[in-house]
>>> print(open('query-v3.cif').read())   # mmCIF, C-alpha atoms
data_model
loop_
_atom_site.label_atom_id
_atom_site.label_comp_id
_atom_site.auth_asym_id
_atom_site.auth_seq_id
_atom_site.Cartn_x
_atom_site.Cartn_y
_atom_site.Cartn_z
CA MET N 1 -42.79 -37.90 24.72
CA SER N 2 -41.29 -37.19 21.30
CA GLU N 3 -39.54 -34.30 19.59
CA ILE N 4 -41.03 -32.47 16.63
CA LYS N 5 -38.12 -32.44 14.22
CA VAL N 6 -37.46 -30.73 10.90
CA PRO N 7 -37.74 -33.55 8.34
CA ASP N 8 -35.38 -34.30 5.49
CA LEU N 9 -36.11 -31.56 2.98
CA GLY N 10 -34.65 -33.24 -0.08
CA GLU N 11 -31.49 -32.96 -2.09
CA SER N 12 -29.42 -29.78 -1.60
CA ILE N 13 -31.77 -28.28 1.04
CA SER N 14 -30.35 -28.30 4.56
CA GLU N 15 -32.45 -25.67 6.32
CA GLY N 16 -35.74 -23.81 6.27
CA THR N 17 -37.69 -21.08 8.04
CA ILE N 18 -40.70 -21.70 10.27
CA TYR N 19 -43.48 -19.98 8.34
CA LYS N 20 -46.12 -20.37 11.04
CA TRP N 21 -47.35 -22.74 13.74
CA LEU N 22 -50.84 -24.19 13.33
CA VAL N 23 -51.02 -25.30 16.97
CA LYS N 24 -50.08 -23.81 20.33
CA GLU N 25 -48.74 -25.19 23.58
CA GLY N 26 -51.37 -27.26 25.34
CA ASP N 27 -53.20 -28.38 22.18
CA THR N 28 -54.03 -32.07 21.81
CA VAL N 29 -52.96 -33.51 18.47
CA GLY N 30 -53.21 -36.85 16.71
CA GLN N 31 -50.80 -38.70 14.49
CA GLY N 32 -50.78 -37.10 11.04
CA ASP N 33 -52.10 -33.71 12.19
CA VAL N 34 -50.28 -30.78 10.61
CA LEU N 35 -48.40 -28.82 13.26
CA ALA N 36 -46.44 -26.18 11.38
CA GLU N 37 -45.59 -24.86 7.94
CA LEU N 38 -41.95 -24.69 6.93
CA GLU N 39 -40.71 -22.38 4.20
CA THR N 40 -37.74 -23.64 2.18
CA ASP N 41 -35.81 -22.16 -0.71
CA LYS N 42 -38.15 -23.87 -3.19
CA VAL N 43 -41.50 -24.85 -1.66
CA ASN N 44 -43.49 -24.67 1.57
CA LEU N 45 -43.86 -27.95 3.48
CA GLU N 46 -46.05 -29.13 6.32
CA ILE N 47 -44.63 -30.77 9.46
CA SER N 48 -46.96 -33.44 10.83
CA ALA N 49 -47.26 -35.13 14.22
CA GLU N 50 -45.71 -38.60 14.35
CA GLU N 51 -47.80 -39.69 17.34
CA ASP N 52 -50.79 -38.71 19.48
CA GLY N 53 -50.19 -36.37 22.41
CA VAL N 54 -50.15 -32.80 23.69
CA ILE N 55 -47.96 -29.94 22.49
CA SER N 56 -45.97 -29.49 25.67
CA SER N 57 -43.37 -27.10 24.31
CA ILE N 58 -42.67 -25.01 21.20
CA LEU N 59 -38.90 -24.51 20.99
CA ARG N 60 -38.55 -22.40 17.84
CA GLN N 61 -40.87 -19.60 16.77
CA ALA N 62 -42.21 -18.38 13.43
CA GLY N 63 -39.54 -16.58 11.43
CA GLU N 64 -36.63 -18.57 12.87
CA ASN N 65 -34.24 -20.50 10.62
CA VAL N 66 -34.00 -24.20 11.48
CA ALA N 67 -31.82 -27.03 10.20
CA VAL N 68 -32.80 -30.51 9.05
CA GLY N 69 -33.11 -32.81 12.07
CA GLU N 70 -33.41 -29.94 14.57
CA ALA N 71 -36.08 -30.22 17.28
CA ILE N 72 -38.56 -27.36 17.09
CA GLY N 73 -41.10 -28.61 19.62
CA ILE N 74 -42.05 -31.44 21.97
CA ILE N 75 -45.14 -33.64 22.05
CA GLY N 76 -45.87 -35.03 25.50
CA SER N 77 -48.58 -37.20 27.01
CA GLY N 78 -51.45 -35.96 29.17
CA ALA N 79 -54.51 -33.75 28.85
CA GLY N 80 -54.45 -30.58 26.83
CA SER N 81 -56.98 -28.26 25.29
CA ALA N 82 -58.44 -31.27 23.47
CA LEU N 83 -59.00 -29.82 20.03
CA LYS N 84 -60.07 -33.17 18.69
CA ALA N 85 -62.44 -33.90 21.55
CA ALA N 86 -64.24 -30.66 20.81
CA GLY N 87 -64.45 -31.61 17.15
CA GLU N 88 -62.10 -28.82 16.10
CA ALA N 89 -59.13 -29.54 13.89
CA PRO N 90 -55.95 -27.46 14.08
CA PRO N 91 -56.43 -24.29 12.00
CA ALA N 92 -55.83 -24.70 8.25
CA ALA N 93 -54.52 -28.23 8.83
CA ALA N 94 -54.93 -31.07 6.39
CA ALA N 95 -54.25 -34.75 7.00
CA SER N 96 -50.99 -35.87 5.43
CA SER N 97 -51.02 -38.42 2.65
CA GLY N 98 -49.22 -40.99 4.78
CA SER N 99 -49.74 -41.56 8.50
CA GLY N 100 -46.03 -41.93 9.15
CA ASP N 101 -44.79 -39.12 6.95
CA ALA N 102 -42.82 -36.45 8.75
CA ALA N 103 -43.66 -33.91 6.08
CA SER N 104 -45.98 -33.61 3.14
CA VAL N 105 -46.40 -31.02 0.44
CA ALA N 106 -48.83 -28.21 1.32
CA THR N 107 -52.30 -28.67 -0.18
CA ALA N 108 -53.48 -25.05 -0.22
CA PRO N 109 -52.03 -21.63 -1.06
CA GLN N 110 -49.93 -20.29 1.77
CA ALA N 111 -51.24 -17.22 3.58
CA ALA N 112 -49.00 -14.24 4.23
CA ALA N 113 -46.89 -14.54 7.36
CA SER N 114 -48.66 -13.05 10.37
CA ALA N 115 -45.51 -12.20 12.30
CA SER N 116 -44.38 -8.62 11.91
CA PRO N 117 -40.93 -7.98 10.38
CA ALA N 118 -39.67 -6.55 13.63
CA ALA N 119 -40.68 -9.71 15.52
CA ALA N 120 -38.92 -12.08 13.12
CA PRO N 121 -35.30 -12.63 14.14
CA ALA N 122 -32.66 -11.98 11.54
CA PRO N 123 -30.78 -14.99 10.10
CA GLU N 124 -27.86 -16.01 12.25
CA GLY N 125 -24.50 -15.25 10.79
CA ALA N 126 -22.32 -17.65 12.75
CA GLY N 127 -22.13 -21.40 12.62
CA GLY N 128 -22.07 -23.62 9.57
CA SER N 129 -25.75 -24.62 9.64
CA ALA N 130 -27.20 -21.28 10.72
CA ALA N 131 -25.46 -19.05 8.18
CA LEU N 132 -27.56 -17.97 5.19
CA ALA N 133 -25.87 -19.63 2.21
CA THR N 134 -26.63 -21.27 -1.11
CA PRO N 135 -26.50 -25.10 -1.28
CA GLY N 136 -23.45 -24.87 -3.56
CA ALA N 137 -21.66 -22.66 -1.05
CA ARG N 138 -22.41 -25.11 1.77
CA LYS N 139 -21.07 -28.02 -0.25
CA LEU N 140 -17.89 -26.14 -1.15
CA ALA N 141 -17.39 -25.04 2.47
CA ARG N 142 -17.69 -28.65 3.67
CA GLU N 143 -15.21 -29.83 1.06
CA ARG N 144 -12.67 -27.16 2.03
CA GLY N 145 -13.28 -27.34 5.78
CA ILE N 146 -14.41 -23.71 5.98
CA ASP N 147 -16.78 -22.49 8.68
CA LEU N 148 -19.50 -20.47 6.96
CA GLY N 149 -19.70 -18.30 10.07
CA ASP N 150 -16.29 -16.92 9.12
CA VAL N 151 -17.25 -16.10 5.52
CA SER N 152 -18.45 -12.62 4.58
CA ALA N 153 -21.14 -12.27 1.92
CA ARG N 154 -20.99 -9.64 -0.79
CA ASP N 155 -24.64 -10.26 -1.64
CA PRO N 156 -26.76 -7.29 -0.44
CA ILE N 157 -29.16 -9.73 1.26
CA GLY N 158 -26.30 -11.33 3.20
CA ARG N 159 -26.52 -14.76 1.56
CA ILE N 160 -23.18 -16.50 1.09
CA GLY N 161 -22.43 -17.74 -2.44
CA GLN N 162 -19.79 -20.05 -3.88
CA ALA N 163 -17.66 -17.09 -4.92
CA ASP N 164 -17.58 -15.86 -1.30
CA VAL N 165 -16.38 -19.27 -0.09
CA LYS N 166 -13.74 -19.42 -2.83
CA ASP N 167 -12.48 -15.93 -2.02
CA HIS N 168 -12.38 -16.74 1.69
CA GLY N 169 -10.35 -19.89 1.04
CA ALA N 170 -7.96 -18.03 -1.25
CA ALA N 171 -7.46 -15.18 1.20
CA GLY N 172 -6.84 -17.50 4.14
CA PRO N 173 -8.57 -17.95 7.52
CA GLY N 174 -10.08 -14.86 9.03
CA ALA N 175 -10.08 -12.87 5.80
CA ALA N 176 -13.27 -11.04 5.04
CA ALA N 177 -14.68 -9.71 1.80
CA PRO N 178 -15.39 -5.98 1.83
CA ALA N 179 -18.91 -5.09 2.81
CA PRO N 180 -21.05 -3.54 0.10
CA ALA N 181 -20.89 0.24 0.16
CA ALA N 182 -24.00 2.29 0.83
CA PRO N 183 -25.36 4.23 -2.16
CA GLN N 184 -23.92 7.73 -2.58
CA GLY N 185 -25.83 10.35 -0.68
CA LYS N 186 -28.05 7.86 1.13
CA PRO N 187 -26.81 7.07 4.64
CA ALA N 188 -27.74 3.62 5.92
CA ALA N 189 -30.71 3.60 8.26
CA ALA N 190 -31.22 1.25 11.16
CA ALA N 191 -33.68 -1.59 10.56
CA GLY N 192 -37.22 -0.51 11.33
CA LYS N 193 -36.28 3.15 11.73
CA ALA N 194 -38.63 5.66 10.11
CA PRO N 195 -37.17 7.94 7.41
CA GLU N 196 -35.92 11.26 8.70
CA ASP N 197 -38.18 13.20 6.34
CA GLY N 198 -41.23 11.63 7.98
CA LYS N 199 -42.73 10.19 4.78
CA ALA N 200 -44.70 6.97 5.13
CA VAL N 201 -43.03 3.67 4.25
CA GLU N 202 -43.86 0.03 4.77
CA ARG N 203 -41.12 -2.43 5.73
CA LYS N 204 -41.82 -6.10 5.01
CA ARG N 205 -39.64 -9.11 5.69
CA MET N 206 -38.69 -10.86 2.46
CA SER N 207 -39.86 -14.46 2.24
CA ARG N 208 -37.24 -17.17 2.18
CA ARG N 209 -38.13 -17.97 -1.41
CA ARG N 210 -37.76 -14.33 -2.47
CA LEU N 211 -34.38 -14.19 -0.73
CA THR N 212 -33.34 -17.34 -2.59
CA ILE N 213 -34.54 -15.99 -5.93
CA ALA N 214 -32.61 -12.75 -5.34
CA SER N 215 -29.47 -14.65 -4.35
CA ARG N 216 -29.62 -17.05 -7.31
CA LEU N 217 -30.15 -14.26 -9.82
CA VAL N 218 -27.22 -12.28 -8.44
CA GLU N 219 -25.10 -15.45 -8.35
CA ALA N 220 -25.96 -16.22 -11.98
CA GLN N 221 -24.82 -12.78 -13.08
CA GLN N 222 -21.64 -12.96 -10.99
CA THR N 223 -20.54 -16.45 -12.02
CA ALA N 224 -21.66 -16.85 -15.65
CA ALA N 225 -20.44 -14.97 -18.71
CA MET N 226 -24.01 -14.24 -19.70
CA LEU N 227 -24.93 -12.94 -23.12
CA THR N 228 -28.25 -12.68 -24.99
CA THR N 229 -29.01 -13.05 -28.69
CA PHE N 230 -32.35 -12.24 -30.33
CA ASN N 231 -34.45 -13.30 -33.31
CA GLU N 232 -38.09 -13.12 -34.37
CA VAL N 233 -40.56 -15.81 -35.38
CA ASP N 234 -43.44 -15.63 -37.82
CA MET N 235 -46.21 -17.37 -35.85
CA THR N 236 -48.59 -17.66 -38.83
CA ALA N 237 -48.25 -21.44 -39.26
CA ILE N 238 -48.68 -22.23 -35.56
CA LEU N 239 -51.70 -19.94 -35.24
CA ASP N 240 -53.23 -21.59 -38.28
CA ILE N 241 -52.75 -25.09 -36.83
CA ARG N 242 -54.23 -24.02 -33.49
CA LYS N 243 -57.22 -22.41 -35.21
CA ARG N 244 -57.96 -25.50 -37.29
CA ARG N 245 -57.27 -28.20 -34.72
CA LYS N 246 -57.79 -26.73 -31.23
CA ASP N 247 -61.39 -27.90 -30.88
CA ASN N 248 -60.69 -31.49 -31.94
CA PHE N 249 -57.50 -31.47 -29.85
CA LYS N 250 -59.43 -30.34 -26.77
CA GLN N 251 -62.21 -32.86 -27.34
CA LYS N 252 -59.85 -35.78 -27.87
CA HIS N 253 -57.20 -35.07 -25.25
CA GLU N 254 -59.15 -32.97 -22.71
CA VAL N 255 -56.44 -30.33 -22.69
CA GLY N 256 -55.97 -27.13 -24.68
CA LEU N 257 -53.42 -26.79 -27.47
CA GLY N 258 -51.23 -23.90 -26.37
CA PHE N 259 -47.92 -22.47 -27.53
CA MET N 260 -45.72 -24.17 -24.93
CA SER N 261 -45.83 -27.62 -26.57
CA PHE N 262 -44.62 -26.12 -29.87
CA PHE N 263 -41.80 -24.22 -28.16
CA THR N 264 -40.81 -27.20 -26.01
CA LYS N 265 -40.55 -29.41 -29.10
CA ALA N 266 -38.64 -26.73 -31.00
CA VAL N 267 -36.16 -26.30 -28.13
CA ILE N 268 -35.58 -30.06 -27.96
CA GLY N 269 -34.91 -30.19 -31.71
CA ALA N 270 -32.42 -27.33 -31.38
CA LEU N 271 -30.75 -28.92 -28.32
CA LYS N 272 -30.20 -32.12 -30.28
CA ALA N 273 -28.56 -30.11 -33.06
CA TYR N 274 -26.50 -27.97 -30.63
CA PRO N 275 -25.87 -30.10 -27.50
CA MET N 276 -23.63 -27.54 -25.77
CA LEU N 277 -26.81 -25.66 -24.78
CA ASN N 278 -27.86 -28.80 -22.86
CA ALA N 279 -24.67 -28.94 -20.80
CA GLU N 280 -23.37 -27.50 -17.54
CA ILE N 281 -20.03 -26.70 -15.94
CA ASP N 282 -18.92 -28.78 -12.95
CA GLY N 283 -15.63 -27.43 -11.66
CA GLU N 284 -13.21 -27.94 -14.55
CA ASP N 285 -15.45 -30.52 -16.23
CA LEU N 286 -18.05 -30.07 -18.92
CA VAL N 287 -21.14 -32.26 -18.39
CA LEU N 288 -23.05 -32.98 -21.60
CA LYS N 289 -26.54 -34.23 -20.78
CA LYS N 290 -28.14 -36.83 -23.02
CA PHE N 291 -31.64 -36.25 -21.70
CA TYR N 292 -34.08 -33.37 -22.03
CA ASP N 293 -35.69 -32.19 -18.80
CA ILE N 294 -37.20 -28.83 -19.71
CA GLY N 295 -37.91 -26.26 -16.98
CA ILE N 296 -40.99 -24.06 -17.48
CA ALA N 297 -40.87 -20.78 -15.55
CA VAL N 298 -44.14 -20.05 -13.71
CA ALA N 299 -45.04 -16.84 -11.87
CA ALA N 300 -46.49 -17.84 -8.48
CA LYS N 301 -47.65 -15.72 -5.56
CA GLU N 302 -44.46 -16.25 -3.56
CA GLY N 303 -42.19 -15.70 -6.56
CA LEU N 304 -40.95 -17.35 -9.74
CA VAL N 305 -40.63 -21.14 -9.71
CA VAL N 306 -39.39 -23.46 -12.45
CA PRO N 307 -41.06 -26.89 -12.40
CA VAL N 308 -39.53 -29.45 -14.74
CA VAL N 309 -41.11 -31.53 -17.51
CA ARG N 310 -39.07 -34.75 -17.40
CA ASP N 311 -37.93 -36.52 -20.59
CA ALA N 312 -39.87 -34.02 -22.68
CA ASP N 313 -38.43 -35.49 -25.89
CA ARG N 314 -40.44 -38.66 -25.26
CA LEU N 315 -43.74 -36.86 -24.74
CA SER N 316 -46.45 -36.07 -27.27
CA PHE N 317 -48.01 -32.62 -27.70
CA PRO N 318 -51.00 -33.42 -25.45
CA GLN N 319 -48.73 -34.99 -22.81
CA ILE N 320 -46.56 -31.87 -22.73
CA GLU N 321 -49.58 -29.56 -22.51
CA ARG N 322 -51.10 -31.68 -19.74
CA GLN N 323 -47.91 -31.77 -17.68
CA ILE N 324 -47.29 -28.05 -18.04
CA GLY N 325 -50.88 -27.31 -17.03
CA GLU N 326 -50.65 -29.56 -13.96
CA LEU N 327 -47.28 -28.14 -12.87
CA ALA N 328 -48.43 -24.53 -13.35
CA GLY N 329 -51.57 -25.25 -11.30
CA LYS N 330 -49.50 -26.75 -8.50
CA ALA N 331 -47.11 -23.79 -8.60
CA ARG N 332 -49.94 -21.29 -8.17
CA ALA N 333 -51.48 -23.38 -5.39
CA ASN N 334 -48.06 -23.78 -3.72
CA THR N 335 -48.34 -27.58 -3.79
CA LEU N 336 -45.29 -28.44 -5.88
CA GLY N 337 -43.09 -31.21 -4.54
CA LEU N 338 -39.33 -30.78 -4.32
CA SER N 339 -38.79 -33.50 -6.92
CA GLU N 340 -40.81 -31.45 -9.41
CA LEU N 341 -38.44 -28.49 -9.06
CA GLN N 342 -35.05 -30.19 -8.98
CA GLY N 343 -32.84 -30.68 -12.00
CA GLY N 344 -33.69 -29.44 -15.45
CA THR N 345 -31.33 -29.10 -18.41
CA PHE N 346 -32.78 -26.02 -20.14
CA THR N 347 -35.47 -23.45 -19.26
CA ILE N 348 -38.24 -21.68 -21.20
CA THR N 349 -39.83 -18.51 -19.83
CA ASN N 350 -42.83 -16.71 -21.35
CA GLY N 351 -42.97 -13.02 -20.56
CA GLY N 352 -45.45 -12.58 -23.40
CA VAL N 353 -48.35 -13.64 -21.17
CA PHE N 354 -47.76 -10.39 -19.24
CA GLY N 355 -47.40 -8.29 -22.40
CA SER N 356 -43.59 -8.21 -22.62
CA LEU N 357 -42.41 -7.37 -26.15
CA LEU N 358 -38.71 -8.00 -25.52
CA SER N 359 -36.52 -9.00 -22.56
CA THR N 360 -33.20 -10.58 -21.62
CA PRO N 361 -33.88 -13.62 -19.40
CA ILE N 362 -31.38 -14.53 -16.68
CA LEU N 363 -29.89 -18.04 -16.60
CA ASN N 364 -31.30 -20.64 -14.26
CA THR N 365 -27.91 -21.89 -13.09
CA PRO N 366 -26.22 -24.33 -13.45
CA GLN N 367 -28.00 -24.47 -16.82
CA VAL N 368 -26.23 -22.62 -19.62
CA GLY N 369 -29.25 -21.62 -21.72
CA ILE N 370 -32.71 -20.10 -21.29
CA LEU N 371 -35.21 -19.17 -24.02
CA GLY N 372 -37.48 -16.17 -23.58
CA MET N 373 -40.85 -16.00 -25.38
CA HIS N 374 -42.68 -12.71 -25.86
CA LYS N 375 -45.90 -11.10 -26.99
CA ILE N 376 -47.29 -11.94 -30.44
CA GLN N 377 -47.83 -8.69 -32.33
CA LEU N 378 -48.89 -7.89 -35.88
CA ARG N 379 -46.03 -6.22 -37.74
CA PRO N 380 -45.52 -5.32 -41.42
CA ILE N 381 -43.16 -7.82 -43.05
CA ALA N 382 -41.63 -7.34 -46.49
CA LEU N 383 -42.01 -10.55 -48.49
CA ASP N 384 -40.14 -9.07 -51.44
CA GLU N 385 -39.29 -5.67 -52.89
CA GLU N 386 -42.90 -4.95 -53.76
CA THR N 387 -45.03 -6.92 -51.28
CA THR N 388 -45.52 -6.09 -47.63
CA VAL N 389 -47.96 -8.00 -45.41
CA ASN N 390 -48.96 -7.92 -41.74
CA ARG N 391 -47.79 -11.04 -39.91
CA PRO N 392 -48.12 -12.19 -36.26
CA MET N 393 -44.52 -11.90 -35.08
CA MET N 394 -42.85 -12.84 -31.80
CA TYR N 395 -39.43 -11.80 -30.60
CA ILE N 396 -37.49 -14.65 -28.98
CA ALA N 397 -34.36 -14.27 -26.85
CA LEU N 398 -31.68 -16.78 -25.89
CA SER N 399 -29.47 -16.00 -22.90
CA TYR N 400 -26.46 -18.30 -22.69
CA ASP N 401 -23.23 -18.86 -20.77
CA HIS N 402 -20.45 -17.66 -23.05
CA ARG N 403 -17.90 -19.66 -21.05
CA ILE N 404 -18.85 -22.83 -22.93
CA VAL N 405 -21.26 -21.66 -25.65
CA ASP N 406 -19.78 -19.68 -28.51
CA GLY N 407 -21.73 -16.86 -30.09
CA SER N 408 -22.04 -18.63 -33.44
CA GLU N 409 -23.46 -21.70 -31.74
CA ALA N 410 -25.97 -19.66 -29.75
CA VAL N 411 -27.12 -17.76 -32.84
CA SER N 412 -27.42 -21.03 -34.81
CA PHE N 413 -29.43 -22.58 -31.96
CA LEU N 414 -31.90 -19.69 -32.00
CA VAL N 415 -32.18 -19.81 -35.79
CA LYS N 416 -32.96 -23.53 -35.51
CA VAL N 417 -35.74 -22.79 -33.00
CA LYS N 418 -37.11 -20.16 -35.41
CA GLU N 419 -37.05 -22.56 -38.37
CA LEU N 420 -38.82 -25.33 -36.46
CA LEU N 421 -41.53 -22.98 -35.21
CA GLU N 422 -42.15 -21.55 -38.66
CA ASP N 423 -42.39 -25.09 -40.10
CA PRO N 424 -44.35 -26.97 -37.40
CA GLU N 425 -44.42 -30.20 -39.43
CA ALA N 426 -40.66 -30.44 -38.87
CA LEU N 427 -41.31 -30.68 -35.13
CA LEU N 428 -42.70 -34.19 -35.69
CA LEU N 429 -39.31 -35.24 -37.06
CA GLU N 430 -36.81 -33.18 -35.06
CA GLY N 431 -38.61 -32.35 -31.80
#
>>> encode(input="query-v3.cif", output="structure tokens")
Amino acid sequence: MSEIKVPDLGESISEGTIYKWLVKEGDTVGQGDVLAELETDKVNLEISAEEDGVISSILRQAGENVAVGEAIGIIGSGAGSALKAAGEAPPAAAASSGSGDAASVATAPQAAASASPAAAPAPEGAGGSAALATPGARKLARERGIDLGDVSARDPIGRIGQADVKDHGAAGPGAAAPAPAAPQGKPAAAAGKAPEDGKAVERKRMSRRRLTIASRLVEAQQTAAMLTTFNEVDMTAILDIRKRRKDNFKQKHEVGLGFMSFFTKAVIGALKAYPMLNAEIDGEDLVLKKFYDIGIAVAAKEGLVVPVVRDADRLSFPQIERQIGELAGKARANTLGLSELQGGTFTITNGGVFGSLLSTPILNTPQVGILGMHKIQLRPIALDEETTVNRPMMYIALSYDHRIVDGSEAVSFLVKVKELLEDPEALLLEG
């Protein structure tokens, strides 16, 4: 007999939510068979059987929050429903890459959760491991000896942030932050209760990743002095290079020449010139990073993810395009590994692929800078007092943390990005 335990989920992740079970009590399983899918703050993982046997007991159900190392089921010996003997594999299961692995990254897009919102228990509010909290808040609570069960969250979704832990510690034991007030004129309704006016609504439980995204975005706005500066780029030179060289580039490197490699190189050149945009705040310390791990925001089915291109300054144009393509494909298939999402020194997000003309991106904390790309649009540009031409222009936006980045530095950084993009040959020297 052995316990089915939640495996180590990687750095900074201490808990997850059971997304769904792929087996039921009485099923016969073999070593390496996938038993359940676990939803974490960043990716979905598969929990595999560590030995042959029969599922004798399922201890935790779909929708429940579970901690690393917690037993969620038991595999016993004896006869069961013999899925394998009948030649039937557990539904949607895939063999893990290693026979002894406790968890492996999912290999197919995750289906929507089948459990209804009413059936899924709400996150527990008491106890250090059960409380819904950000990794930073958990770390701070451990350092200060604070029980997260005693901390009140100001976040509308009930997730505890670092600021909540700090306020709790400052106020003393037992102090609670005020609960968020209900909107004026709209009395709070009980969960699952139909509106009084009888109009149809649909209530859906937010996925763990969506809850995490919501919490991190709110935390970024609450903790950083965020400001955005804008500029515009004449994309004529880049479009000309792509038009002349894209076929040969594709034939030689077996990958398309897109815009992201140009922008990644331009950002790296600007970060080298203005290193404060490649830093982060750690308590009262300023950490200046001497490497360039660039996060690329990707819209996936379960929500925005930011896989990281490591040491992007050492990569060529085709290497950058290939890595971005592979990471984006994994993100959309929900097969990203935790190591591909962790870290990052600066982020690039491209709202232009959805038609956005202008936006103010939100920081991917603890990073202090994020560059927003937008739609390329023909606009009349005055070359001099007498000559006006139509040029393919793109608005670019830099959101930055004003606590450590001055406005002049942020503006100069964005101007540097503009200059490098408008003179692509300079990217070979400075990117």
>>> closest_residue(input="query-v3.cif", among="N:Ser408, N:Thr345, N:Gln377, N:Ser399", to="Thr236 in chain N", atoms="all atoms listed in the file")
N:Gln377
>>> resolve_selection(input="query-v3.cif", expression="the PyMOL selection byres ((chain N and resi 401) around 12)", output="NGL selection string")
:N and (220-229 or 276-281 or 346 or 361-370 or 398-400 or 402-407 or 409-410)
>>> resolve_selection(input="query-v3.cif", expression="the PyMOL selection byres ((chain N and resi 302) around 12)", output="JSON, numbers by chain")
{"N": [39, 40, 41, 42, 43, 44, 109, 110, 111, 112, 113, 206, 207, 208, 209, 210, 211, 212, 213, 298, 299, 300, 301, 303, 304, 305, 331, 332, 333, 334, 335]}
>>> atom_distance(input="query-v3.cif", atom1="CA of Gly295 in chain N", atom2="CA of Phe413 in chain N")
17.6 Å
>>> atom_distance(input="query-v3.cif", atom1="CA of Val267 in chain N", atom2="CA of Met393 in chain N")
18.0 Å
>>> resolve_selection(input="query-v3.cif", expression="the PyMOL selection byres ((chain N and resi 349-358) around 6)", output="list in words")
Ala297, Ile348, Ser359, Gly372, Met373, His374 and Lys375 of chain N
>>> write_last_selection(input="query-v3.cif", atoms="C-alpha atoms", output="mmCIF file, in the coordinates of the input")
data_model
loop_
_atom_site.group_PDB
_atom_site.id
_atom_site.type_symbol
_atom_site.label_atom_id
_atom_site.label_comp_id
_atom_site.auth_asym_id
_atom_site.auth_seq_id
_atom_site.Cartn_x
_atom_site.Cartn_y
_atom_site.Cartn_z
ATOM 1 C CA ALA N 297 -40.870 -20.780 -15.550
ATOM 2 C CA ILE N 348 -38.240 -21.680 -21.200
ATOM 3 C CA SER N 359 -36.520 -9.000 -22.560
ATOM 4 C CA GLY N 372 -37.480 -16.170 -23.580
ATOM 5 C CA MET N 373 -40.850 -16.000 -25.380
ATOM 6 C CA HIS N 374 -42.680 -12.710 -25.860
ATOM 7 C CA LYS N 375 -45.900 -11.100 -26.990
#
>>> closest_residue(input="query-v3.cif", among="N:Arg242, N:Arg310, N:Arg159, N:His253", to="Arg322 in chain N", atoms="all atoms listed in the file")
N:His253
>>> decode(input="query-v3.cif", residues="range 351-369 of chain N", atoms="C-alpha atoms", output="mmCIF file, in the first residue's frame")
data_model
loop_
_atom_site.group_PDB
_atom_site.id
_atom_site.type_symbol
_atom_site.label_atom_id
_atom_site.label_comp_id
_atom_site.auth_asym_id
_atom_site.auth_seq_id
_atom_site.Cartn_x
_atom_site.Cartn_y
_atom_site.Cartn_z
ATOM 1 C CA GLY N 351 -1.394 43.554 -27.777
ATOM 2 C CA GLY N 352 -1.071 44.429 -31.448
ATOM 3 C CA VAL N 353 -1.798 40.842 -32.478
ATOM 4 C CA PHE N 354 -5.340 41.417 -31.162
ATOM 5 C CA GLY N 355 -5.668 44.829 -32.816
ATOM 6 C CA SER N 356 -4.782 47.026 -29.824
ATOM 7 C CA LEU N 357 -3.671 50.506 -30.923
ATOM 8 C CA LEU N 358 -2.563 51.705 -27.478
ATOM 9 C CA SER N 359 -2.531 50.312 -23.928
ATOM 10 C CA THR N 360 -0.829 50.632 -20.550
ATOM 11 C CA PRO N 361 0.665 47.230 -19.617
ATOM 12 C CA ILE N 362 0.801 46.207 -15.948
ATOM 13 C CA LEU N 363 4.139 45.215 -14.407
ATOM 14 C CA ASN N 364 5.032 41.558 -14.035
ATOM 15 C CA THR N 365 6.354 41.922 -10.487
ATOM 16 C CA PRO N 366 9.015 41.854 -9.118
ATOM 17 C CA GLN N 367 10.230 43.183 -12.478
ATOM 18 C CA VAL N 368 10.277 46.968 -12.759
ATOM 19 C CA GLY N 369 9.671 47.327 -16.501
#
